[in-house]
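Data block for run-v2.txt (compact mmCIF, C-alpha atoms):
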```txt
# COMPACT_ATOMS: atom_id res chain seq x y z
CA MET A 1 66.71 99.22 91.00
CA LEU A 2 67.13 100.81 87.57
CA GLU A 3 70.05 102.86 88.85
CA ALA A 4 71.69 99.72 90.26
CA ALA A 5 71.22 97.91 86.92
CA LEU A 6 72.87 100.83 85.09
CA ALA A 7 75.68 100.77 87.65
CA LEU A 8 76.15 97.07 86.91
CA ILE A 9 76.58 97.81 83.20
CA ALA A 10 78.97 100.68 83.95
CA GLY A 11 80.95 98.39 86.25
CA LEU A 12 81.30 95.74 83.56
CA VAL A 13 82.63 98.33 81.10
CA ILE A 14 85.02 99.83 83.66
CA GLY A 15 86.12 96.32 84.62
CA SER A 16 87.05 95.72 80.98
CA PHE A 17 89.22 98.85 81.05
CA LEU A 18 90.72 97.77 84.38
CA ASN A 19 91.91 94.59 82.69
CA VAL A 20 93.82 96.73 80.20
CA CYS A 21 95.36 98.71 83.08
CA ILE A 22 96.24 95.58 85.06
CA TYR A 23 98.12 94.11 82.10
CA ARG A 24 99.74 97.25 80.73
CA ILE A 25 100.62 99.55 83.63
CA PRO A 26 103.05 97.17 85.40
CA ARG A 27 104.70 96.60 82.01
CA ASP A 28 105.02 100.37 81.33
CA LEU A 29 102.70 100.19 78.33
CA SER A 30 100.18 102.86 77.33
CA VAL A 31 96.59 102.15 78.36
CA VAL A 32 95.34 104.18 75.39
CA ARG A 33 97.27 102.85 72.39
CA PRO A 34 97.36 100.41 70.74
CA ARG A 35 93.82 99.09 70.95
CA SER A 36 93.11 95.90 72.87
CA PHE A 37 95.15 92.93 71.62
CA CYS A 38 95.68 89.29 72.46
CA PRO A 39 98.73 88.96 74.78
CA ALA A 40 99.59 85.63 73.13
CA CYS A 41 99.52 86.53 69.41
CA ASP A 42 99.32 90.38 69.52
CA HIS A 43 96.35 90.35 67.14
CA PRO A 44 93.97 93.31 67.67
CA ILE A 45 90.69 92.32 69.32
CA ALA A 46 87.54 93.29 67.42
CA TRP A 47 84.83 95.17 69.30
CA TYR A 48 82.48 92.19 69.15
CA ASP A 49 85.11 90.07 70.89
CA ASN A 50 85.56 92.69 73.59
CA VAL A 51 82.08 92.74 75.15
CA PRO A 52 82.44 92.28 78.92
CA LEU A 53 81.70 88.72 80.12
CA TRP A 54 79.74 87.78 76.99
CA SER A 55 82.76 87.63 74.66
CA TYR A 56 84.68 85.38 77.05
CA LEU A 57 81.74 82.97 77.20
CA ALA A 58 81.07 83.13 73.45
CA LEU A 59 84.72 82.42 72.65
CA ARG A 60 84.86 79.72 75.31
CA GLY A 61 87.79 81.44 76.92
CA ARG A 62 90.06 81.35 73.86
CA CYS A 63 91.41 83.89 71.39
CA ARG A 64 89.53 83.81 68.09
CA HIS A 65 92.78 84.00 66.09
CA CYS A 66 95.37 81.88 67.89
CA ALA A 67 93.06 79.77 70.10
CA LYS A 68 95.29 80.38 73.12
CA PRO A 69 93.42 80.48 76.46
CA ILE A 70 92.30 83.91 77.64
CA PRO A 71 93.26 84.35 81.32
CA VAL A 72 90.27 83.82 83.59
CA ARG A 73 91.26 87.06 85.30
CA TYR A 74 89.44 88.98 82.53
CA PRO A 75 85.87 87.86 83.28
CA ILE A 76 86.55 87.80 87.03
CA VAL A 77 87.62 91.47 87.06
CA GLU A 78 84.67 92.48 84.88
CA GLY A 79 82.16 90.55 86.94
CA LEU A 80 83.60 91.68 90.29
CA THR A 81 83.60 95.34 89.26
CA GLY A 82 80.04 95.09 87.97
CA ALA A 83 78.89 93.37 91.16
CA ALA A 84 80.62 95.96 93.36
CA PHE A 85 78.97 98.85 91.52
CA PHE A 86 75.57 97.13 91.66
CA LEU A 87 75.78 96.46 95.41
CA LEU A 88 77.05 99.94 96.21
CA LEU A 89 74.11 101.51 94.36
CA LEU A 90 71.74 99.25 96.25
CA LYS A 91 73.42 100.26 99.52
CA TYR A 92 73.74 104.01 99.03
CA GLY A 93 71.33 104.81 96.20
CA PRO A 94 72.15 107.18 93.30
CA THR A 95 74.28 109.49 95.46
CA LEU A 96 77.74 111.02 95.44
CA VAL A 97 78.66 108.61 98.22
CA ALA A 98 77.90 105.66 95.94
CA ALA A 99 79.86 107.27 93.09
CA LYS A 100 82.86 107.81 95.37
CA TYR A 101 82.81 104.23 96.58
CA CYS A 102 82.43 102.93 93.01
CA LEU A 103 85.64 104.76 92.08
CA PHE A 104 87.25 103.39 95.24
CA SER A 105 86.23 99.81 94.44
CA ALA A 106 87.54 100.08 90.88
CA LEU A 107 90.94 101.25 92.16
CA VAL A 108 91.04 98.48 94.75
CA ILE A 109 90.12 95.77 92.23
CA GLY A 110 92.87 97.03 89.92
CA LEU A 111 95.36 96.79 92.80
CA ILE A 112 94.22 93.30 93.87
CA PHE A 113 94.75 91.72 90.48
CA SER A 114 97.89 93.65 89.67
CA ASP A 115 99.43 92.38 92.89
CA LEU A 116 98.29 88.81 92.26
CA GLU A 117 99.68 88.85 88.73
CA THR A 118 102.89 90.87 89.06
CA LEU A 119 103.45 91.62 92.79
CA ILE A 120 103.28 95.30 91.80
CA LEU A 121 100.92 97.92 93.25
CA PRO A 122 101.16 100.66 90.62
CA ASN A 123 101.38 104.31 91.63
CA GLU A 124 98.75 105.03 88.99
CA PHE A 125 96.27 103.31 91.31
CA THR A 126 97.69 104.12 94.76
CA LEU A 127 98.95 107.70 94.46
CA LEU A 128 96.33 108.93 92.01
CA GLY A 129 93.73 107.20 94.18
CA LEU A 130 95.15 108.93 97.25
CA ALA A 131 94.84 112.30 95.54
CA ALA A 132 91.28 111.51 94.40
CA GLY A 133 90.26 110.44 97.90
CA LEU A 134 91.59 113.63 99.46
CA LEU A 135 89.91 115.82 96.83
CA LEU A 136 86.59 114.01 97.15
CA ALA A 137 86.63 114.53 100.91
CA ALA A 138 85.70 118.16 100.22
CA LEU A 139 82.58 117.04 98.30
CA VAL A 140 81.57 113.78 99.99
CA PRO A 141 81.90 113.78 103.80
CA VAL A 142 84.30 111.30 105.39
CA ARG A 143 82.60 110.57 108.71
CA ASP A 144 84.99 108.81 111.06
CA PHE A 145 83.49 107.80 114.39
CA TYR A 146 86.98 107.75 115.95
CA LEU A 147 87.45 111.45 115.28
CA ASP A 148 83.94 112.92 115.15
CA TRP A 149 83.71 113.36 118.90
CA PHE A 150 86.83 115.54 118.87
CA LEU A 151 86.43 117.47 115.61
CA ALA A 152 82.65 117.92 115.29
CA GLY A 153 81.56 121.44 116.18
CA ARG A 154 85.13 122.74 116.25
CA LEU A 155 85.50 123.06 112.47
CA PRO A 156 83.10 123.45 109.52
CA ASP A 157 81.78 120.12 108.26
CA GLN A 158 83.82 120.30 105.05
CA ALA A 159 87.02 120.96 107.00
CA VAL A 160 86.22 118.08 109.37
CA SER A 161 85.86 115.74 106.38
CA ILE A 162 89.19 116.84 104.87
CA VAL A 163 91.02 116.46 108.20
CA GLU A 164 89.53 113.00 108.73
CA SER A 165 90.57 112.00 105.22
CA LEU A 166 94.10 113.28 105.79
CA LEU A 167 94.43 111.52 109.14
CA GLY A 168 92.95 108.33 107.70
CA ALA A 169 95.57 108.43 104.96
CA ALA A 170 98.52 109.38 107.16
CA LEU A 171 98.28 107.52 110.47
CA PRO A 172 97.76 103.87 109.39
CA SER A 173 100.22 104.14 106.50
CA LEU A 174 102.90 105.71 108.71
CA LEU A 175 102.35 102.96 111.28
CA LEU A 176 102.80 100.29 108.58
CA TRP A 177 105.88 102.07 107.26
CA GLY A 178 107.37 102.12 110.76
CA LEU A 179 106.63 98.44 111.31
CA ALA A 180 108.17 97.60 107.93
CA GLY A 181 111.32 99.52 108.87
CA LEU A 182 111.50 97.75 112.24
CA PHE A 183 111.12 94.35 110.53
CA LEU A 184 113.92 95.24 108.11
CA LEU A 185 116.15 96.32 110.98
CA ILE A 186 115.57 93.13 112.96
CA ARG A 187 115.32 90.51 110.19
CA HIS A 188 117.51 92.24 107.58
CA LYS A 189 114.95 91.66 104.83
CA GLU A 190 111.92 93.46 103.49
CA GLY A 191 108.69 92.27 105.08
CA LEU A 192 106.34 94.85 103.60
CA GLY A 193 106.63 96.81 100.36
CA LEU A 194 106.16 100.54 100.02
CA GLY A 195 103.30 99.83 97.62
CA ASP A 196 101.30 98.32 100.51
CA VAL A 197 101.92 101.48 102.55
CA LYS A 198 100.70 103.70 99.71
CA MET A 199 97.68 101.46 99.21
CA VAL A 200 96.65 101.84 102.86
CA ALA A 201 97.07 105.62 102.53
CA MET A 202 94.71 105.56 99.55
CA VAL A 203 92.15 103.51 101.48
CA GLY A 204 92.34 105.92 104.41
CA ALA A 205 91.84 108.95 102.16
CA PHE A 206 88.55 107.47 100.92
CA THR A 207 87.27 105.85 104.12
CA GLY A 208 88.95 107.59 107.05
CA LEU A 209 90.88 106.17 109.97
CA ALA A 210 88.24 103.53 110.79
CA GLY A 211 88.16 102.25 107.21
CA ALA A 212 91.93 102.03 106.95
CA GLY A 213 92.14 100.34 110.35
CA LEU A 214 89.55 97.75 109.35
CA THR A 215 91.40 97.14 106.09
CA VAL A 216 94.70 96.50 107.85
CA MET A 217 93.18 94.27 110.53
CA ILE A 218 91.03 92.15 108.22
CA GLY A 219 93.65 92.09 105.46
CA SER A 220 96.35 90.95 107.90
CA LEU A 221 94.12 88.17 109.22
CA LEU A 222 93.25 87.00 105.70
CA GLY A 223 96.87 87.18 104.60
CA THR A 224 98.10 85.20 107.59
CA VAL A 225 95.51 82.44 107.45
CA ILE A 226 95.13 82.05 103.68
CA GLY A 227 98.79 82.74 103.01
CA LEU A 228 99.99 80.05 105.43
CA ILE A 229 97.48 77.54 104.09
CA TYR A 230 98.65 78.23 100.53
CA VAL A 231 102.35 78.06 101.42
CA TYR A 232 102.07 74.73 103.21
CA ALA A 233 99.64 73.25 100.68
CA THR A 234 102.01 74.03 97.79
CA GLY A 235 105.21 73.19 99.63
CA LYS A 236 106.71 76.66 99.25
CA ASN A 237 109.35 78.01 101.62
CA VAL A 238 107.60 80.22 104.17
CA ARG A 239 110.82 82.23 104.65
CA THR A 240 111.26 83.17 101.00
CA TYR A 241 107.73 83.19 99.55
CA GLU A 242 106.55 86.70 98.60
CA LEU A 243 102.98 87.05 99.75
CA PRO A 244 100.80 89.38 97.63
CA PHE A 245 99.71 91.24 100.78
CA GLY A 246 98.10 94.01 98.72
CA ALA A 247 95.57 91.50 97.39
CA PHE A 248 94.46 90.67 100.93
CA LEU A 249 94.33 94.35 101.87
CA GLY A 250 92.22 94.89 98.76
CA ALA A 251 89.79 92.10 99.64
CA ALA A 252 89.28 93.71 103.04
CA ALA A 253 88.99 97.21 101.54
CA LEU A 254 86.16 96.10 99.22
CA ALA A 255 84.11 95.18 102.29
CA VAL A 256 84.76 98.47 104.14
CA PRO A 257 82.02 100.59 102.47
CA PHE A 258 79.48 97.98 103.59
CA LEU A 259 80.91 97.60 107.13
CA LEU A 260 81.42 101.24 108.10
CA PRO A 261 77.73 102.21 108.45
CA ALA A 262 77.23 99.41 110.97
CA LEU A 263 80.03 100.83 113.16
CA ARG A 264 78.58 104.32 113.40
```
Please rewrite the model in this file as structure tokens.
Amino acid sequence: MLEAALALIAGLVIGSFLNVCIYRIPRDLSVVRPRSFCPACDHPIAWYDNVPLWSYLALRGRCRHCAKPIPVRYPIVEGLTGAAFFLLLLKYGPTLVAAKYCLFSALVIGLIFSDLETLILPNEFTLLGLAAGLLLAALVPVRDFYLDWFLAGRLPDQAVSIVESLLGAALPSLLLWGLAGLFLLIRHKEGLGLGDVKMVAMVGAFTGLAGAGLTVMIGSLLGTVIGLIYVYATGKNVRTYELPFGAFLGAAALAVPFLLPALR
């Protein structure tokens, strides 16, 4: 339990940094300099006003200097990242598997809120995450029940993990890319962005073919149901509205580390 509590604190701190990335990366700003500032008045934020969750509550959701509202996204990202880290440590214990999935969840949360806010899925999250997932496959086994029966015993365990990570990254993302191209050919408009394809590749690199498949299936269901409800409830044009599909993929991906063990 102590390890999970420490993971919660680490998640809150990383969630605070994710907020910086979510705001700055899509706007091509450095995530290092300048120090944190209020987006409304550009005033630098003091350290005591930058404590995850607590500062938002203490300031009642407003900037100390200009009194403009602080977007509620800030405490949500911090709290969600902290909760994800806490639950992953409870699930997997203080292991490399938990550490890998904590990194994965941080990347996914960054993508969810970037897509909701800007309809952008930055390469800094997707492609760097893809590379991290493939590299970590050599250290933390990717066990994919779809492929284990064919690969197990034919290759060393480390090689099996790397192959499963590569296939998990490649196959679902290539399928999505092909479907997006077919949609463009038939409807003469883009139905799925390349960022979504890269995001699925990143998910597959971390979780294998089963994890990427679950993400696409659950994310598509969520996007269809919730997206249609939102479009009709707000009176938007279903033909022209740009659905933040990456956010729905991300919501599904966050659940994957908890669902995969039950499928094995």
Practice task
Show which residues sit within 10 Å of Leu209 in chain A, as a PyMOL selection string. Count all atoms listed in the file, and ignore same-chain residues fewer than 2 positions away.
Solution key: chain A and resi 142-147+164-172+201+203-207+211-215
Practice task
Up to 12 Å from (103.6, 96.4, 82.0) in the file's coordinates: name the residues, counting all atoms listed in the file, as a list in words.
Solution key: Asn19, Val20, Cys21, Ile22, Tyr23, Arg24, Ile25, Pro26, Arg27, Asp28, Leu29, Ser30, Val31, Pro39, Ser114, Glu117, Thr118, Leu119, Ile120, Leu121 and Pro122 of chain A
Exercise for the section: Between CA of Thr240 in chain A and CA of Leu228 in chain A, measure the distance and give it in Å to one decimal. Expected result: 12.5 Å
Exercise for the section: With a distance cut-off of 12 Å and all atoms listed in the file, select the neighbouring residues of Asn123 in chain A, excluding the residue or stretch itself and same-chain residues fewer than 5 positions from it, and output the selection as a ChimeraX atom specification. Expected result: /A:21,25-26,28,107,110-111,114,128-131,194-199,201-202
Can I get the selected residues back with C-alpha atoms, as a PDB file, keeping the file's coordinate frame?
```pdb
ATOM      1  CA  CYS A  21      95.360  98.710  83.080  1.00  0.00           C
ATOM      2  CA  ILE A  25     100.620  99.550  83.630  1.00  0.00           C
ATOM      3  CA  PRO A  26     103.050  97.170  85.400  1.00  0.00           C
ATOM      4  CA  ASP A  28     105.020 100.370  81.330  1.00  0.00           C
ATOM      5  CA  LEU A 107      90.940 101.250  92.160  1.00  0.00           C
ATOM      6  CA  GLY A 110      92.870  97.030  89.920  1.00  0.00           C
ATOM      7  CA  LEU A 111      95.360  96.790  92.800  1.00  0.00           C
ATOM      8  CA  SER A 114      97.890  93.650  89.670  1.00  0.00           C
ATOM      9  CA  LEU A 128      96.330 108.930  92.010  1.00  0.00           C
ATOM     10  CA  GLY A 129      93.730 107.200  94.180  1.00  0.00           C
ATOM     11  CA  LEU A 130      95.150 108.930  97.250  1.00  0.00           C
ATOM     12  CA  ALA A 131      94.840 112.300  95.540  1.00  0.00           C
ATOM     13  CA  LEU A 194     106.160 100.540 100.020  1.00  0.00           C
ATOM     14  CA  GLY A 195     103.300  99.830  97.620  1.00  0.00           C
ATOM     15  CA  ASP A 196     101.300  98.320 100.510  1.00  0.00           C
ATOM     16  CA  VAL A 197     101.920 101.480 102.550  1.00  0.00           C
ATOM     17  CA  LYS A 198     100.700 103.700  99.710  1.00  0.00           C
ATOM     18  CA  MET A 199      97.680 101.460  99.210  1.00  0.00           C
ATOM     19  CA  ALA A 201      97.070 105.620 102.530  1.00  0.00           C
ATOM     20  CA  MET A 202      94.710 105.560  99.550  1.00  0.00           C
TER      21      MET A 202
END
```
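Every protein or nucleic acid residue with an atom no more than 8 Å from Phe245 in chain A, counting all atoms listed in the file and leaving out same-chain residues fewer than 4 positions away, appears here: Asp115, Asp196, Gly219, Ser220, Gly223 and Leu249 of chain A.
Rounded to one decimal, CA of Phe37 in chain A and CA of Tyr56 in chain A lie 14.0 Å from each other.
With all atoms listed in the file as the atoms that count, the minimum distance from Pro94 in chain A to the choices A:Val72, A:Leu6, A:Leu12, A:Leu53 is reached by A:Leu6.
Across the structure, CA of Lys100 in chain A and CA of Leu88 in chain A are spaced 9.8 Å apart.
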Exercise for the section: Using all atoms listed in the file, give me every residue within 10 Å of (83.9, 98.8, 91.4) in file coordinates, as a PyMOL selection string. Expected result: chain A and resi 7-8+10-12+14-15+18+77-88+99-110+254
Problem - Nearest candidate to Gly181 in chain A (options A:Glu242, A:Glu124, A:Gly193, A:Pro257; using all atoms listed in the file) - result: A:Gly193
Fill in the blank from the handout: One residue among A:Ala233, A:Pro34, A:Lys91, A:Val225 is nearest to Leu260 in chain A when using only C-alpha atoms, and that residue is A:Lys91
Can you list, as a tab-separated table (two decimals) with C-alpha atoms, keeping the file's coordinate frame, every protein, DNA or RNA residue that comes within 12 Å of Asn50 in chain A when you count only C-alpha atoms, leaving out same-chain residues fewer than 2 positions away?
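Okay, out13.tsv is ready:
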```tsv
chain	number	residue	atom	x	y	z
A	12	LEU	CA	81.30	95.74	83.56
A	13	VAL	CA	82.63	98.33	81.10
A	15	GLY	CA	86.12	96.32	84.62
A	16	SER	CA	87.05	95.72	80.98
A	17	PHE	CA	89.22	98.85	81.05
A	19	ASN	CA	91.91	94.59	82.69
A	20	VAL	CA	93.82	96.73	80.20
A	35	ARG	CA	93.82	99.09	70.95
A	36	SER	CA	93.11	95.90	72.87
A	37	PHE	CA	95.15	92.93	71.62
A	38	CYS	CA	95.68	89.29	72.46
A	44	PRO	CA	93.97	93.31	67.67
A	45	ILE	CA	90.69	92.32	69.32
A	46	ALA	CA	87.54	93.29	67.42
A	47	TRP	CA	84.83	95.17	69.30
A	48	TYR	CA	82.48	92.19	69.15
A	52	PRO	CA	82.44	92.28	78.92
A	53	LEU	CA	81.70	88.72	80.12
A	54	TRP	CA	79.74	87.78	76.99
A	55	SER	CA	82.76	87.63	74.66
A	56	TYR	CA	84.68	85.38	77.05
A	57	LEU	CA	81.74	82.97	77.20
A	58	ALA	CA	81.07	83.13	73.45
A	59	LEU	CA	84.72	82.42	72.65
A	61	GLY	CA	87.79	81.44	76.92
A	63	CYS	CA	91.41	83.89	71.39
A	64	ARG	CA	89.53	83.81	68.09
A	70	ILE	CA	92.30	83.91	77.64
A	74	TYR	CA	89.44	88.98	82.53
A	75	PRO	CA	85.87	87.86	83.28
A	78	GLU	CA	84.67	92.48	84.88
```
Practice task
Would you mind telling me which residue in A:Ile76, A:Leu222, A:Ile9, A:Ala40 lies nearest to Arg62 in chain A when using all atoms listed in the file?
Solution key: A:Ala40
Problem - Counting only C-alpha atoms, the option among A:Pro71, A:Gly208, A:Gly246, A:Gly178 closest to Pro141 in chain A - result: A:Gly208
